[in-house]
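This report concerns only the one structure given below.
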Amino acid sequence: MSEKFYNYKGYPLVRSGNQIYYGYMSDPYVIWITIADTKEVNGEKMTSKVRIVQMDTNETNPLKAFVKNAERECGLYEALDFAKVWLDKALRK
């Protein structure tokens with residue numbers, strides 16, 4: 001049975017609750033997004049604050065795997081666009 005992942009601007013998304021992994025685990029870096037807060041807009045829950053972490057997939061020490069991080073008050077699409085920029089830059093090196 002083959003798993004099908006959602007994609008956003010060329011990278012796969014895997015979500016479990018408030019945690020989202022963005023990118024290919026086979027690449028040197030992936031982005032880990034945590035939805036830190038939500039707000040209600042017209043009866044719908046919307047992301048209002050996120051934590052974004054660029055992770056080195058080759059690092060065996062979990063504490064050293066975190067390359068950079070940021071916390072932003074923004075929606076999910078803005079967070080994903082931010083994550084895409086980080087991934088694109090990191091993978092070009």
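Scheme for the structure tokens: letters A, B, ... for chains in order shown; per-chain residue numbers from 1; ligand numbers from 1 in order shown.
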
May I have all residues of range 3-91 of chain A that DSSP, computed from the backbone, assigns to alpha helix (DSSP H), given as JSON, numbers by chain? {"A": [62, 63, 64, 65, 76, 77, 78, 79, 80, 81, 82, 83, 84, 85, 86, 87, 88, 89, 90, 91]}

Would you pick out the contacts of Asn69 in chain A at 8 Å or less, using only C-alpha atoms, so that residues sharing its chain but fewer than 4 positions from it are not included, and give the list as a ChimeraX atom specification? /A:51-54

Mind dumping the selected residues with N, CA and C atoms as a PDB file, in the first residue's frame?
ATOM      1  N   ARG A  51       5.756  28.107  15.438  1.00  0.00           N
ATOM      2  CA  ARG A  51       7.194  27.973  15.662  1.00  0.00           C
ATOM      3  C   ARG A  51       7.735  27.198  14.474  1.00  0.00           C
ATOM      4  N   ILE A  52       8.803  27.696  13.886  1.00  0.00           N
ATOM      5  CA  ILE A  52       9.382  27.088  12.692  1.00  0.00           C
ATOM      6  C   ILE A  52      10.833  26.725  13.005  1.00  0.00           C
ATOM      7  N   VAL A  53      11.197  25.473  12.734  1.00  0.00           N
ATOM      8  CA  VAL A  53      12.548  24.996  13.019  1.00  0.00           C
ATOM      9  C   VAL A  53      13.114  24.313  11.780  1.00  0.00           C
ATOM     10  N   GLN A  54      14.299  24.733  11.352  1.00  0.00           N
ATOM     11  CA  GLN A  54      15.011  24.039  10.277  1.00  0.00           C
ATOM     12  C   GLN A  54      15.852  22.965  10.937  1.00  0.00           C
TER      13      GLN A  54
END

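Here CA of Gly23 in chain A and CA of Leu87 in chain A stand 7.7 Å from one another.
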
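Nearest residue to Cys74 in chain A, choosing from A:Arg15, A:Lys4, A:Lys9, A:Lys49 and counting only C-alpha atoms: A:Lys49.
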
Excluding same-chain residues fewer than 4 positions from Ser16 in chain A, what lies within 12 Å of it counting only C-alpha atoms, as a PDB file with N, CA and C atoms, in the first residue's frame?
ATOM      1  N   ILE A  20       3.777  19.794  11.986  1.00  0.00           N
ATOM      2  CA  ILE A  20       3.857  19.633  10.536  1.00  0.00           C
ATOM      3  C   ILE A  20       5.326  19.500  10.153  1.00  0.00           C
ATOM      4  N   TYR A  21       5.626  18.488   9.356  1.00  0.00           N
ATOM      5  CA  TYR A  21       6.967  18.351   8.775  1.00  0.00           C
ATOM      6  C   TYR A  21       6.852  18.693   7.303  1.00  0.00           C
ATOM      7  N   TYR A  22       7.761  19.522   6.837  1.00  0.00           N
ATOM      8  CA  TYR A  22       7.729  20.034   5.471  1.00  0.00           C
ATOM      9  C   TYR A  22       9.068  19.740   4.818  1.00  0.00           C
ATOM     10  N   TRP A  32      10.276  21.808  10.540  1.00  0.00           N
ATOM     11  CA  TRP A  32       9.290  21.350  11.513  1.00  0.00           C
ATOM     12  C   TRP A  32       8.517  22.574  11.970  1.00  0.00           C
ATOM     13  N   ILE A  33       7.217  22.564  11.738  1.00  0.00           N
ATOM     14  CA  ILE A  33       6.347  23.679  12.116  1.00  0.00           C
ATOM     15  C   ILE A  33       5.423  23.208  13.229  1.00  0.00           C
ATOM     16  N   THR A  34       5.355  23.980  14.292  1.00  0.00           N
ATOM     17  CA  THR A  34       4.420  23.710  15.376  1.00  0.00           C
ATOM     18  C   THR A  34       3.404  24.838  15.412  1.00  0.00           C
ATOM     19  N   ILE A  35       2.128  24.486  15.365  1.00  0.00           N
ATOM     20  CA  ILE A  35       1.071  25.491  15.508  1.00  0.00           C
ATOM     21  C   ILE A  35       0.958  25.783  16.999  1.00  0.00           C
TER      22      ILE A  35
END

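Remark: for Glu59 in chain A, the closest of the candidate residues A:Met46, A:Leu76, A:Val30, A:Val41 is A:Val30 (distances computed over only C-alpha atoms).
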
At a cut-off of 10 Å, using only C-alpha atoms, what residues contact Asn58 in chain A? Leave out same-chain residues fewer than 5 positions from it and give the result as a compact mmCIF listing (two decimals) with C-alpha atoms, in the first residue's frame.
# COMPACT_ATOMS: atom_id res chain seq x y z
CA MET A 25 13.38 13.37 4.87
CA SER A 26 15.98 12.14 2.36
CA ASP A 27 17.20 15.75 1.85
CA PRO A 28 19.80 17.28 4.19
CA TYR A 29 17.18 19.58 5.79
CA ALA A 65 19.90 18.93 14.60

If you run DSSP on this backbone, which residues of chain A come out as strand (DSSP E or B), and could you give them as a PyMOL selection string? chain A and resi 6-8+11-16+19-22+29-41+44-56+66-72

Got time to write the residues from that selection, C-alpha atoms, as an mmCIF file, in the first residue's frame?
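Now in selection.cif:
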data_model
loop_
_atom_site.group_PDB
_atom_site.id
_atom_site.type_symbol
_atom_site.label_atom_id
_atom_site.label_comp_id
_atom_site.auth_asym_id
_atom_site.auth_seq_id
_atom_site.Cartn_x
_atom_site.Cartn_y
_atom_site.Cartn_z
ATOM 1 C CA TYR A 6 0.077 16.383 0.423
ATOM 2 C CA ASN A 7 2.485 18.743 -1.326
ATOM 3 C CA TYR A 8 2.927 22.488 -1.031
ATOM 4 C CA TYR A 11 7.689 19.721 -0.973
ATOM 5 C CA PRO A 12 5.682 17.083 0.904
ATOM 6 C CA LEU A 13 3.708 17.901 4.051
ATOM 7 C CA VAL A 14 3.108 15.465 6.878
ATOM 8 C CA ARG A 15 0.824 16.616 9.686
ATOM 9 C CA SER A 16 0.014 15.066 13.033
ATOM 10 C CA GLN A 19 2.978 19.327 14.235
ATOM 11 C CA ILE A 20 3.857 19.633 10.536
ATOM 12 C CA TYR A 21 6.967 18.351 8.775
ATOM 13 C CA TYR A 22 7.729 20.034 5.471
ATOM 14 C CA TYR A 29 17.177 19.576 5.791
ATOM 15 C CA VAL A 30 13.473 19.584 6.631
ATOM 16 C CA ILE A 31 11.282 22.120 8.376
ATOM 17 C CA TRP A 32 9.290 21.350 11.513
ATOM 18 C CA ILE A 33 6.347 23.679 12.116
ATOM 19 C CA THR A 34 4.420 23.710 15.376
ATOM 20 C CA ILE A 35 1.071 25.491 15.508
ATOM 21 C CA ALA A 36 1.463 27.331 18.821
ATOM 22 C CA ASP A 37 -1.850 29.195 18.872
ATOM 23 C CA THR A 38 -5.107 29.519 16.993
ATOM 24 C CA LYS A 39 -7.944 32.014 16.883
ATOM 25 C CA GLU A 40 -11.533 31.714 15.789
ATOM 26 C CA VAL A 41 -12.553 33.551 12.627
ATOM 27 C CA GLU A 44 -13.424 28.404 12.086
ATOM 28 C CA LYS A 45 -10.144 27.748 13.916
ATOM 29 C CA MET A 46 -7.293 29.529 12.160
ATOM 30 C CA THR A 47 -3.566 29.362 12.893
ATOM 31 C CA SER A 48 -2.369 32.588 14.489
ATOM 32 C CA LYS A 49 1.107 31.724 15.846
ATOM 33 C CA VAL A 50 3.734 29.195 14.737
ATOM 34 C CA ARG A 51 7.194 27.973 15.662
ATOM 35 C CA ILE A 52 9.382 27.088 12.692
ATOM 36 C CA VAL A 53 12.548 24.996 13.019
ATOM 37 C CA GLN A 54 15.011 24.039 10.277
ATOM 38 C CA MET A 55 16.395 20.589 11.076
ATOM 39 C CA ASP A 56 19.488 18.785 9.798
ATOM 40 C CA PHE A 66 18.145 22.287 15.101
ATOM 41 C CA VAL A 67 19.876 24.615 12.638
ATOM 42 C CA LYS A 68 17.709 27.704 13.091
ATOM 43 C CA ASN A 69 14.303 28.608 14.417
ATOM 44 C CA ALA A 70 11.751 31.396 14.520
ATOM 45 C CA GLU A 71 8.441 32.175 16.121
ATOM 46 C CA ARG A 72 5.930 34.147 14.081
#

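Computed from the coordinates, the CA of Asp81 in chain A to CA of Gly10 in chain A distance equals 11.4 Å.
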
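One finds CA of Gly75 in chain A at 21.1 Å from CA of Phe5 in chain A.
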